[in-house]
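Read the structure below first, then the notes.
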Amino acid sequence: MFSAAAQVNLRRSPHMARASLLTAVPPAAITELFALYAVALDLAQRAHRHYGALAARVDENFRPVRCVFEVLTARERERVRSLTAVCEQTCDRVPSPRDRPWVAPDLVPEYELSDIEQSSLSTPYTAWAIAVQHRQRAFVFWTYVIALATDGEVRSAAEGFAREALADGNLLRRERRLAWRAARDGRAPDSESFSEPASAALLESLLLKDIVAWAQHLTDREREFLATLAPSPLPPSGEPHEAVVEAGPVDQISSRALHRAEQLSDLYLEDADRAVDQASLELAQKLAAQSIVRLAGLRRVAAASAAVDRR
């Protein structure tokens, strides 16, 4: 089912008591695939609702923490969409609450989020830390479902949910580390021109916007080259893309793009160094390799453009 290395993710952290994980136990075996999807969809909808309540906070003092919950809300919204689509494709309909065999334990309890919402000491770090705990709890829950399952399809689908929770936890730990470092260094995430965004996903998005803006000043051949660079290649010519807003002259755009590409390479390499299971290691190594090749390509384009400017 899962390797011994994967089980390392169940170790206790300073922010999580073992009991809070082991109490996420399903009350009985799930015997049908459709019932499994009904439980999974209910859990995702509750998580989306609970995170969304904090993402809707508008007071300025809560803004740094709200940004974390906006990301978490978006992730759960996508999980709901994906589960709905897969279930409809697999089972020909979408489950309703009455299709659940029982009500699952709340993996994203409101009282835990209430503590963060009401405390004046809450930070992005504490928000990411609670999100890590929630995905760890989900991993434990699906592991129990797997252990109880007698149907092969149910077991296979539950293993997929457990792997997803494991991968999510690894990604969220990275955000927790970044938030901890920002707090340790005593700087707000937006205090410098080349700030470190809250997530690698956001950094990838910002880098792509920079590359699109940069490409407006390049030759056709250079733009074609940028279109080949993974993991965030320039969209092919003519493909729809959101409007480009150029922030400064082209040398500032290219400099910002190079800096963000370097940040991403460092992040992915760090993930590979700290991976505790084979799947996470392979993914981090793949992203790091792609990011390093991308960085080298961007540097080559920047050097060529500089040489043209000097002529």
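Chains: A, B, ... in order of the structure tokens. Residues: from 1 per chain. Ligands: from 1, in order shown.
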Which residues are close to segment 86-89 of chain A, i.e. within 12 Å by only C-alpha atoms, leaving aside same-chain residues fewer than 5 positions away? Reply as number ranges by chain.
A: 33-41, 79-81, 94-96, 157
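Shortest separation to Asn170 of chain A among A:Ile253, A:Val132, A:Ala127, A:Val58 occurs at residue A:Val132, atoms counted being only C-alpha atoms.
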Quick check for you: according to DSSP on this backbone, which residues of segment 70-250 of chain A are classed as alpha helix (DSSP H)? Reply as number ranges by chain.
A: 70-91, 110-118, 124-148, 152-185, 200-215, 220-226, 250
Skipping near chain neighbours, those fewer than 2 positions away, what residues fall within 10 Å of segment 65-77 of chain A using only C-alpha atoms, listed as number ranges by chain?
A: 43-63, 79-82, 116-117, 122-128, 131, 168, 172, 175, 198-199, 201-202
Quick check, in Å to one decimal: how far apart do atom CA of Ala261 of chain A and atom CA of Asp185 of chain A lie?
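Computing it gives 21.7 Å between the two atoms.
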Skip Glu222 of chain A itself and residues of its chain fewer than 3 positions away, then list as a compact mmCIF listing (two decimals) with all heavy atoms, in the first residue's frame all residues within 10 Å of it, counting only C-alpha atoms.
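Everything below was put into around.txt:
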```
# COMPACT_ATOMS: atom_id res chain seq x y z
N ALA A 215 8.52 38.61 -23.42
CA ALA A 215 8.48 38.11 -24.80
C ALA A 215 8.03 39.15 -25.80
O ALA A 215 8.34 39.05 -27.00
CB ALA A 215 7.56 36.88 -24.88
N HIS A 217 9.19 41.89 -26.25
CA HIS A 217 10.37 42.64 -26.71
C HIS A 217 11.39 41.73 -27.39
O HIS A 217 12.50 42.19 -27.70
CB HIS A 217 11.03 43.33 -25.51
CG HIS A 217 10.12 44.25 -24.76
ND1 HIS A 217 9.93 45.58 -25.11
CD2 HIS A 217 9.31 44.02 -23.70
CE1 HIS A 217 9.07 46.12 -24.28
NE2 HIS A 217 8.68 45.21 -23.40
N LEU A 218 11.06 40.46 -27.61
CA LEU A 218 12.01 39.51 -28.16
C LEU A 218 11.72 39.18 -29.62
O LEU A 218 10.65 39.50 -30.14
CB LEU A 218 11.99 38.22 -27.31
CG LEU A 218 12.33 38.38 -25.82
CD1 LEU A 218 12.15 37.06 -25.10
CD2 LEU A 218 13.75 38.92 -25.64
N THR A 219 12.66 38.51 -30.23
CA THR A 219 12.48 38.08 -31.61
C THR A 219 11.54 36.86 -31.65
O THR A 219 11.30 36.22 -30.63
CB THR A 219 13.82 37.69 -32.25
OG1 THR A 219 14.33 36.53 -31.56
CG2 THR A 219 14.83 38.83 -32.14
N PHE A 225 11.58 29.78 -28.49
CA PHE A 225 12.41 29.08 -27.51
C PHE A 225 11.76 29.13 -26.13
O PHE A 225 11.69 28.11 -25.42
CB PHE A 225 13.80 29.70 -27.48
CG PHE A 225 14.67 29.16 -26.38
CD1 PHE A 225 15.14 27.85 -26.41
CD2 PHE A 225 15.02 29.96 -25.30
CE1 PHE A 225 15.95 27.35 -25.39
CE2 PHE A 225 15.83 29.47 -24.28
CZ PHE A 225 16.29 28.16 -24.33
N LEU A 226 11.25 30.29 -25.72
CA LEU A 226 10.61 30.41 -24.42
C LEU A 226 9.38 29.51 -24.31
O LEU A 226 9.04 29.05 -23.22
CB LEU A 226 10.21 31.86 -24.14
CG LEU A 226 11.36 32.86 -23.91
CD1 LEU A 226 10.80 34.24 -23.64
CD2 LEU A 226 12.23 32.41 -22.74
N ALA A 227 8.73 29.25 -25.43
CA ALA A 227 7.54 28.40 -25.43
C ALA A 227 7.87 26.95 -25.11
O ALA A 227 6.96 26.15 -24.85
CB ALA A 227 6.83 28.48 -26.78
N GLY A 297 17.97 28.70 -19.72
CA GLY A 297 17.43 29.25 -20.97
C GLY A 297 17.12 30.72 -20.86
O GLY A 297 17.41 31.50 -21.78
N LEU A 298 16.52 31.13 -19.75
CA LEU A 298 16.21 32.55 -19.55
C LEU A 298 17.49 33.38 -19.50
O LEU A 298 17.54 34.50 -20.02
CB LEU A 298 15.39 32.72 -18.27
CG LEU A 298 13.98 32.14 -18.27
CD1 LEU A 298 13.34 32.29 -16.89
CD2 LEU A 298 13.11 32.80 -19.33
N ARG A 300 20.24 32.65 -21.00
CA ARG A 300 20.77 32.71 -22.36
C ARG A 300 20.05 33.77 -23.18
O ARG A 300 20.69 34.54 -23.91
CB ARG A 300 20.64 31.33 -23.02
CG ARG A 300 21.38 31.24 -24.34
CD ARG A 300 21.69 29.81 -24.72
NE ARG A 300 20.49 29.05 -25.06
CZ ARG A 300 20.08 27.97 -24.44
NH1 ARG A 300 20.75 27.53 -23.38
NH2 ARG A 300 19.01 27.32 -24.82
N VAL A 301 18.74 33.84 -23.03
CA VAL A 301 17.96 34.86 -23.74
C VAL A 301 18.35 36.26 -23.26
O VAL A 301 18.52 37.19 -24.06
CB VAL A 301 16.45 34.63 -23.56
CG1 VAL A 301 15.65 35.80 -24.11
CG2 VAL A 301 16.03 33.34 -24.25
N ALA A 304 21.72 37.20 -24.72
CA ALA A 304 21.63 37.52 -26.15
C ALA A 304 21.01 38.89 -26.36
O ALA A 304 21.46 39.66 -27.22
CB ALA A 304 20.81 36.44 -26.86
N SER A 305 19.97 39.20 -25.59
CA SER A 305 19.32 40.51 -25.72
C SER A 305 20.28 41.64 -25.32
O SER A 305 20.32 42.69 -25.94
CB SER A 305 18.06 40.55 -24.85
OG SER A 305 17.12 39.59 -25.26
```
What is the atom CA of Pro231 of chain A-atom CA of Leu287 of chain A distance in Å, reported with one decimal?
6.9 Å
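The interatomic distance for the pair atom CA of Ala306 of chain A and atom CA of Pro249 of chain A works out to 13.6 Å.
Residues within 10 Å of Ala162 of chain A, counting only C-alpha atoms and excluding same-chain residues fewer than 4 positions away, are Phe2, Arg135, Gln136, Ala138, Phe139, Val140, Phe141, Trp142, Thr143, Tyr144, Val145, Ile146, Ser156, Ala157, Ala158, Leu166, Ala167 and Asp168 of chain A.
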Please dump the current selection as a tab-separated table (two decimals), in the first residue's frame; keep N, CA and C atoms.
```tsv
chain	number	residue	atom	x	y	z
A	2	PHE	N	1.50	1.57	1.15
A	2	PHE	CA	2.40	2.71	1.24
A	2	PHE	C	3.72	2.25	1.82
A	135	ARG	N	-4.20	18.14	6.42
A	135	ARG	CA	-3.91	17.14	5.38
A	135	ARG	C	-3.28	15.88	5.97
A	136	GLN	N	-2.53	16.02	7.06
A	136	GLN	CA	-2.03	14.83	7.76
A	136	GLN	C	-3.20	14.02	8.31
A	138	ALA	N	-6.18	13.97	7.10
A	138	ALA	CA	-6.85	13.34	5.96
A	138	ALA	C	-6.11	12.06	5.55
A	139	PHE	N	-4.78	12.11	5.56
A	139	PHE	CA	-4.00	10.91	5.21
A	139	PHE	C	-4.32	9.76	6.17
A	140	VAL	N	-4.37	10.07	7.46
A	140	VAL	CA	-4.68	9.03	8.44
A	140	VAL	C	-6.09	8.48	8.22
A	141	PHE	N	-7.04	9.37	7.95
A	141	PHE	CA	-8.42	8.94	7.73
A	141	PHE	C	-8.51	7.97	6.57
A	142	TRP	N	-7.90	8.34	5.43
A	142	TRP	CA	-7.99	7.47	4.25
A	142	TRP	C	-7.22	6.17	4.46
A	143	THR	N	-6.18	6.21	5.28
A	143	THR	CA	-5.46	4.99	5.61
A	143	THR	C	-6.36	4.01	6.36
A	144	TYR	N	-7.17	4.55	7.28
A	144	TYR	CA	-8.14	3.72	7.98
A	144	TYR	C	-9.17	3.14	7.01
A	145	VAL	N	-9.65	3.99	6.09
A	145	VAL	CA	-10.63	3.52	5.10
A	145	VAL	C	-10.05	2.35	4.30
A	146	ILE	N	-8.79	2.49	3.90
A	146	ILE	CA	-8.12	1.43	3.14
A	146	ILE	C	-8.06	0.14	3.97
A	156	SER	N	-8.69	0.90	-3.92
A	156	SER	CA	-7.84	1.59	-4.89
A	156	SER	C	-8.11	3.09	-4.90
A	157	ALA	N	-9.37	3.47	-4.90
A	157	ALA	CA	-9.70	4.90	-4.91
A	157	ALA	C	-9.27	5.57	-3.61
A	158	ALA	N	-9.43	4.90	-2.48
A	158	ALA	CA	-9.02	5.46	-1.20
A	158	ALA	C	-7.50	5.62	-1.13
A	166	LEU	N	-1.07	13.00	1.16
A	166	LEU	CA	0.37	12.96	1.46
A	166	LEU	C	1.12	14.01	0.65
A	167	ALA	N	0.81	14.10	-0.64
A	167	ALA	CA	1.48	15.08	-1.50
A	167	ALA	C	1.11	16.50	-1.08
A	168	ASP	N	-0.17	16.72	-0.76
A	168	ASP	CA	-0.60	18.04	-0.29
A	168	ASP	C	0.16	18.45	0.96
```
For each of A:Pro64, A:Pro27, A:Pro105, A:Pro97, take the minimum atom-to-atom distance to Leu121 of chain A, counting only C-alpha atoms, then give the residue where this is smallest.
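Using only C-alpha atoms, the shortest distance to Leu121 of chain A belongs to A:Pro64.
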